[in-house]
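Text of the file start.txt, holding compact mmCIF, C-alpha atoms:
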```
# COMPACT_ATOMS: atom_id res chain seq x y z
CA MET X 1 -81.57 -7.19 16.82
CA GLU X 2 -83.49 -9.29 14.30
CA GLN X 3 -84.93 -12.52 15.74
CA PRO X 4 -84.82 -15.74 13.67
CA PRO X 5 -88.20 -17.22 12.66
CA PRO X 6 -89.71 -19.58 15.30
CA GLU X 7 -89.51 -22.64 13.02
CA LEU X 8 -85.77 -22.05 12.61
CA VAL X 9 -85.33 -21.85 16.39
CA VAL X 10 -87.24 -25.13 16.84
CA GLU X 11 -85.22 -26.81 14.09
CA ARG X 12 -81.97 -25.62 15.65
CA ALA X 13 -83.05 -26.83 19.11
CA ARG X 14 -83.93 -30.24 17.65
CA ARG X 15 -80.55 -30.42 15.98
CA LEU X 16 -78.57 -29.46 19.08
CA TRP X 17 -80.43 -31.29 21.88
CA VAL X 18 -78.07 -34.23 21.68
CA ILE X 19 -74.82 -32.21 22.00
CA PRO X 20 -74.88 -32.06 25.87
CA LEU X 21 -75.01 -35.87 25.87
CA PHE X 22 -71.57 -35.86 24.29
CA VAL X 23 -69.99 -34.22 27.37
CA PRO X 24 -70.21 -37.27 29.71
CA LEU X 25 -69.44 -39.60 26.80
CA SER X 26 -66.29 -37.59 26.04
CA LEU X 27 -65.22 -37.42 29.69
CA LEU X 28 -65.59 -41.19 29.86
CA GLY X 29 -63.76 -41.75 26.58
CA GLY X 30 -60.83 -39.68 27.83
CA LEU X 31 -60.20 -42.33 30.49
CA PHE X 32 -59.40 -45.03 27.93
CA PRO X 33 -55.81 -44.87 26.63
CA SER X 34 -54.95 -45.31 22.96
CA PHE X 35 -54.20 -48.84 21.76
CA SER X 36 -56.29 -50.32 24.59
CA LEU X 37 -59.10 -52.80 24.05
CA THR X 38 -61.54 -50.56 25.94
CA ALA X 39 -60.74 -47.57 23.69
CA ASN X 40 -61.26 -49.72 20.60
CA LEU X 41 -64.56 -51.10 21.86
CA TYR X 42 -65.75 -47.66 23.00
CA VAL X 43 -64.99 -45.95 19.67
CA LEU X 44 -66.48 -48.86 17.73
CA PHE X 45 -69.65 -48.71 19.84
CA LEU X 46 -70.13 -44.92 19.56
CA GLY X 47 -69.20 -44.90 15.88
CA SER X 48 -71.57 -47.76 15.10
CA VAL X 49 -74.49 -46.03 16.84
CA LEU X 50 -73.88 -42.77 14.98
CA MET X 51 -73.28 -44.61 11.72
CA MET X 52 -76.64 -46.36 12.07
CA ALA X 53 -78.32 -43.05 12.93
CA GLY X 54 -76.69 -41.50 9.87
CA LEU X 55 -77.94 -44.22 7.56
CA SER X 56 -81.42 -44.36 9.10
CA SER X 57 -84.19 -42.73 7.11
CA ARG X 58 -85.87 -41.71 10.40
CA THR X 59 -83.26 -39.07 11.19
CA VAL X 60 -84.38 -35.58 10.15
CA ARG X 61 -81.83 -34.05 7.80
CA ARG X 62 -81.06 -30.50 6.80
CA PRO X 63 -81.64 -29.73 3.14
CA ALA X 64 -78.56 -29.97 0.92
CA PRO X 65 -77.70 -27.27 -1.64
CA ASP X 66 -78.38 -28.06 -5.31
CA THR X 67 -75.06 -26.65 -6.49
CA LEU X 68 -71.84 -25.52 -4.83
CA GLY X 69 -70.50 -22.94 -7.30
CA GLY X 70 -66.96 -22.17 -8.37
CA GLY X 71 -65.89 -20.91 -4.96
CA ILE X 72 -65.40 -24.51 -3.86
CA ALA X 73 -61.94 -24.40 -5.48
CA TRP X 74 -60.72 -22.34 -2.51
CA TRP X 75 -61.10 -25.42 -0.33
CA LEU X 76 -58.51 -27.18 -2.48
CA LEU X 77 -55.84 -24.86 -1.09
CA PRO X 78 -55.74 -26.21 2.51
CA LEU X 79 -56.42 -29.71 1.20
CA LEU X 80 -53.44 -29.64 -1.16
CA VAL X 81 -51.08 -28.20 1.49
CA PHE X 82 -52.19 -30.88 3.96
CA ALA X 83 -51.93 -33.68 1.36
CA ALA X 84 -48.44 -32.56 0.29
CA VAL X 85 -47.10 -32.54 3.87
CA GLU X 86 -48.84 -35.76 4.92
CA LEU X 87 -47.88 -37.68 1.79
CA SER X 88 -44.23 -36.57 1.79
CA SER X 89 -43.89 -37.45 5.49
CA PHE X 90 -45.56 -40.80 4.87
CA LEU X 91 -43.25 -41.60 1.94
CA MET X 92 -40.23 -40.71 4.09
CA GLY X 93 -41.23 -43.34 6.60
CA SER X 94 -43.54 -41.52 9.02
CA THR X 95 -40.83 -41.18 11.67
CA PRO X 96 -40.38 -38.53 14.40
CA GLU X 97 -38.04 -36.72 11.99
CA HIS X 98 -40.62 -36.93 9.16
CA PRO X 99 -43.87 -36.97 11.13
CA THR X 100 -47.33 -37.57 9.73
CA LEU X 101 -50.25 -36.00 11.58
CA SER X 102 -50.78 -39.18 13.61
CA ILE X 103 -47.18 -39.17 14.88
CA LEU X 104 -47.54 -35.54 15.96
CA LEU X 105 -50.94 -35.96 17.61
CA ASP X 106 -50.37 -39.26 19.44
CA PRO X 107 -48.34 -37.71 22.32
CA LEU X 108 -50.85 -34.85 22.66
CA LEU X 109 -53.77 -37.27 22.81
CA GLU X 110 -52.22 -39.09 25.76
CA GLY X 111 -53.38 -36.25 28.05
CA TYR X 112 -56.86 -36.59 29.54
CA LEU X 113 -58.11 -33.08 28.71
CA LEU X 114 -57.09 -33.04 25.04
CA ARG X 115 -58.27 -36.61 24.66
CA SER X 116 -61.71 -35.79 26.08
CA LEU X 117 -61.92 -32.64 23.94
CA SER X 118 -61.02 -34.70 20.87
CA TYR X 119 -63.80 -37.17 21.69
CA PHE X 120 -66.21 -34.25 22.00
CA GLY X 121 -65.10 -32.78 18.66
CA TRP X 122 -65.30 -36.15 16.95
CA LEU X 123 -68.81 -36.86 18.27
CA THR X 124 -70.09 -33.35 17.51
CA VAL X 125 -68.84 -33.40 13.90
CA PHE X 126 -70.19 -36.97 13.55
CA TRP X 127 -73.60 -35.75 14.71
CA GLY X 128 -73.37 -32.83 12.28
CA LEU X 129 -72.78 -35.32 9.45
CA VAL X 130 -75.66 -37.51 10.63
CA ARG X 131 -78.00 -34.52 10.36
CA ARG X 132 -76.82 -33.63 6.84
CA MET L 1 -35.52 -29.28 9.99
CA THR L 2 -37.92 -31.57 8.14
CA ARG L 3 -39.86 -32.06 11.38
CA PHE L 4 -40.19 -28.31 11.67
CA LEU L 5 -41.34 -28.08 8.03
CA ALA L 6 -43.96 -30.79 8.59
CA ILE L 7 -45.32 -29.04 11.70
CA PHE L 8 -45.31 -25.72 9.85
CA GLY L 9 -47.12 -27.34 6.90
CA PHE L 10 -49.88 -28.78 9.09
CA ILE L 11 -50.34 -25.46 10.91
CA LEU L 12 -50.39 -23.63 7.57
CA ALA L 13 -53.04 -26.00 6.16
CA THR L 14 -55.16 -25.51 9.30
CA ALA L 15 -54.77 -21.72 9.17
CA ILE L 16 -55.78 -21.61 5.49
CA ALA L 17 -58.80 -23.82 6.24
CA VAL L 18 -59.86 -21.49 9.07
CA VAL L 19 -59.56 -18.42 6.80
CA VAL L 20 -61.45 -20.08 3.92
CA GLY L 21 -64.07 -21.28 6.43
CA TYR L 22 -64.47 -17.75 7.76
CA LEU L 23 -64.77 -16.29 4.25
CA ALA L 24 -67.44 -18.91 3.47
CA THR L 25 -69.62 -17.68 6.35
CA ARG L 26 -69.76 -14.09 5.09
CA PRO L 27 -73.09 -13.03 3.54
CA GLY L 28 -73.14 -13.45 -0.23
CA SER L 29 -69.91 -15.47 -0.26
CA ARG L 30 -69.28 -17.61 -3.36
CA ILE L 31 -67.33 -20.06 -1.22
CA PRO L 32 -69.59 -22.87 0.07
CA ARG L 33 -69.46 -23.80 3.75
CA LEU L 34 -67.81 -27.07 4.66
CA GLY L 35 -71.16 -28.39 5.91
CA ASP L 36 -72.77 -27.61 2.55
CA ILE L 37 -69.98 -29.46 0.74
CA ALA L 38 -70.51 -32.45 3.04
CA ALA L 39 -74.29 -32.34 2.45
CA PHE L 40 -73.75 -32.13 -1.31
CA VAL L 41 -71.38 -35.12 -1.32
CA MET L 42 -73.72 -37.10 0.93
CA ARG L 43 -76.54 -36.78 -1.60
CA TYR L 44 -74.59 -38.95 -4.06
CA ASP L 45 -76.38 -42.26 -4.62
CA VAL L 46 -75.56 -45.14 -6.96
CA GLY L 47 -78.54 -47.35 -7.70
CA GLY L 48 -80.20 -46.42 -4.42
CA LEU L 49 -77.03 -47.07 -2.43
CA PRO L 50 -76.02 -43.89 -0.52
CA VAL L 51 -72.38 -44.03 -1.59
CA GLY L 52 -71.58 -40.44 -0.64
CA ARG L 53 -73.21 -40.80 2.75
CA LEU L 54 -71.45 -44.10 3.47
CA ALA L 55 -68.11 -42.65 2.37
CA LEU L 56 -68.24 -39.52 4.54
CA LEU L 57 -69.68 -41.21 7.63
CA GLY L 58 -67.23 -44.08 7.21
CA PHE L 59 -64.30 -41.69 6.80
CA TRP L 60 -65.23 -39.85 10.01
CA PHE L 61 -65.73 -43.15 11.85
CA TRP L 62 -62.25 -44.18 10.72
CA CYS L 63 -60.76 -40.83 11.87
CA GLY L 64 -62.11 -41.40 15.37
CA TRP L 65 -60.79 -44.92 15.49
CA HIS L 66 -57.40 -43.93 14.03
CA PHE L 67 -56.70 -41.06 16.42
CA LEU L 68 -58.53 -42.17 19.58
CA ALA L 69 -58.37 -45.94 19.64
CA ARG L 70 -55.81 -47.64 17.47
```

Now that the file is in, can you turn its structure into structure tokens?
Amino acid sequence: MEQPPPELVVERARRLWVIPLFVPLSLLGGLFPSFSLTANLYVLFLGSVLMMAGLSSRTVRRPAPDTLGGGIAWWLLPLLVFAAVELSSFLMGSTPEHPTLSILLDPLLEGYLLRSLSYFGWLTVFWGLVRR
Amino acid sequence: MTRFLAIFGFILATAIAVVVGYLATRPGSRIPRLGDIAAFVMRYDVGGLPVGRLALLGFWFWCGWHFLAR
């Protein structure tokens, strides 16, 4: 099997070293229920730190492509389906009978495991954006 | 019925996104990866202000707050 060049391995290791830190942070975040002051403060704290890292010029970023090409139009397909469902549910009042994504996810996010996993996903994607 | 349609719609949108995301990872694909789209948008500056970067980071910040805190 072909091995990636050493500089790519180092770059990847640099990019991923922080991911294990998100595990305890997510397990802790899962303890704070939605609509609580602690959850609000916790998300605001983590988000602010990552936001500052993302806007800092000291963070090493991966190079961005110069162009995206015509294939980007394929991404409109899931976006349009999502927007149509979300918008129609929202205009119909965002009720249990016409649920938006928030209404559907709120009961699921009350469980500790899914809540912690969601924190982990949120932090990992946030870090991915910071490095872009 | 409408609840079922909404759930089906969200699952359909997710499934399409997964398929498009998979197709984007294939060698020589014309479809850009989601990360490349994000990086492209984040390069957008207006008068030195990183508007694209602020918008995407701010949007993701809001998503976390909306689903996990509020």

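Nearest to Leu34 in chain L of all the residues X:Leu31, X:Thr59, X:Leu16, X:Arg132 is X:Arg132, counting only C-alpha atoms.
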
Please, which residues in chain L fall within 8 Å of chain X when counting only C-alpha atoms, and what is the closest atom pair and distance in Å to one decimal for each, ordered by chain then residue number, as JSON lines?
```
{"residue": "L:Thr2", "atom": "CA", "partner": "X:His98", "partner_atom": "CA", "distance": 6.1}
{"residue": "L:Arg3", "atom": "CA", "partner": "X:Glu97", "partner_atom": "CA", "distance": 5.0}
{"residue": "L:Ala6", "atom": "CA", "partner": "X:Val85", "partner_atom": "CA", "distance": 5.9}
{"residue": "L:Gly9", "atom": "CA", "partner": "X:Val85", "partner_atom": "CA", "distance": 6.0}
{"residue": "L:Phe10", "atom": "CA", "partner": "X:Phe82", "partner_atom": "CA", "distance": 6.0}
{"residue": "L:Leu12", "atom": "CA", "partner": "X:Val81", "partner_atom": "CA", "distance": 7.6}
{"residue": "L:Ala13", "atom": "CA", "partner": "X:Pro78", "partner_atom": "CA", "distance": 4.5}
{"residue": "L:Thr14", "atom": "CA", "partner": "X:Pro78", "partner_atom": "CA", "distance": 6.9}
{"residue": "L:Ile16", "atom": "CA", "partner": "X:Pro78", "partner_atom": "CA", "distance": 5.5}
{"residue": "L:Ala17", "atom": "CA", "partner": "X:Pro78", "partner_atom": "CA", "distance": 5.4}
{"residue": "L:Val20", "atom": "CA", "partner": "X:Trp75", "partner_atom": "CA", "distance": 6.8}
{"residue": "L:Arg30", "atom": "CA", "partner": "X:Gly71", "partner_atom": "CA", "distance": 5.0}
{"residue": "L:Ile31", "atom": "CA", "partner": "X:Gly71", "partner_atom": "CA", "distance": 4.1}
{"residue": "L:Pro32", "atom": "CA", "partner": "X:Ile72", "partner_atom": "CA", "distance": 6.0}
{"residue": "L:Gly35", "atom": "CA", "partner": "X:Arg132", "partner_atom": "CA", "distance": 7.8}
{"residue": "L:Asp36", "atom": "CA", "partner": "X:Ala64", "partner_atom": "CA", "distance": 6.5}
{"residue": "L:Ile37", "atom": "CA", "partner": "X:Leu68", "partner_atom": "CA", "distance": 7.1}
{"residue": "L:Ala38", "atom": "CA", "partner": "X:Leu129", "partner_atom": "CA", "distance": 7.4}
{"residue": "L:Ala39", "atom": "CA", "partner": "X:Ala64", "partner_atom": "CA", "distance": 5.1}
{"residue": "L:Phe40", "atom": "CA", "partner": "X:Ala64", "partner_atom": "CA", "distance": 5.7}
{"residue": "L:Met42", "atom": "CA", "partner": "X:Arg132", "partner_atom": "CA", "distance": 7.5}
{"residue": "L:Arg43", "atom": "CA", "partner": "X:Ala64", "partner_atom": "CA", "distance": 7.5}
{"residue": "L:Arg53", "atom": "CA", "partner": "X:Leu55", "partner_atom": "CA", "distance": 7.6}
{"residue": "L:Leu54", "atom": "CA", "partner": "X:Leu55", "partner_atom": "CA", "distance": 7.7}
{"residue": "L:Leu56", "atom": "CA", "partner": "X:Leu129", "partner_atom": "CA", "distance": 7.9}
{"residue": "L:Leu57", "atom": "CA", "partner": "X:Met51", "partner_atom": "CA", "distance": 6.4}
{"residue": "L:Gly58", "atom": "CA", "partner": "X:Met51", "partner_atom": "CA", "distance": 7.6}
{"residue": "L:Trp60", "atom": "CA", "partner": "X:Phe126", "partner_atom": "CA", "distance": 6.7}
{"residue": "L:Phe61", "atom": "CA", "partner": "X:Gly47", "partner_atom": "CA", "distance": 5.6}
{"residue": "L:Gly64", "atom": "CA", "partner": "X:Trp122", "partner_atom": "CA", "distance": 6.3}
{"residue": "L:Trp65", "atom": "CA", "partner": "X:Val43", "partner_atom": "CA", "distance": 6.0}
{"residue": "L:Phe67", "atom": "CA", "partner": "X:Ser102", "partner_atom": "CA", "distance": 6.8}
{"residue": "L:Leu68", "atom": "CA", "partner": "X:Ser34", "partner_atom": "CA", "distance": 5.8}
{"residue": "L:Ala69", "atom": "CA", "partner": "X:Ser34", "partner_atom": "CA", "distance": 4.8}
{"residue": "L:Arg70", "atom": "CA", "partner": "X:Phe35", "partner_atom": "CA", "distance": 4.7}
```

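Note that the spacing between CA of Leu27 in chain X and CA of Thr124 in chain X amounts to 13.7 Å.
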
(request) Can you work out the spacing between CA of Phe120 in chain X and CA of Val23 in chain X in Å, to one decimal? (result) 6.6 Å

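Interatomic distance, CA of Pro20 in chain X against CA of Arg58 in chain X: 21.3 Å.
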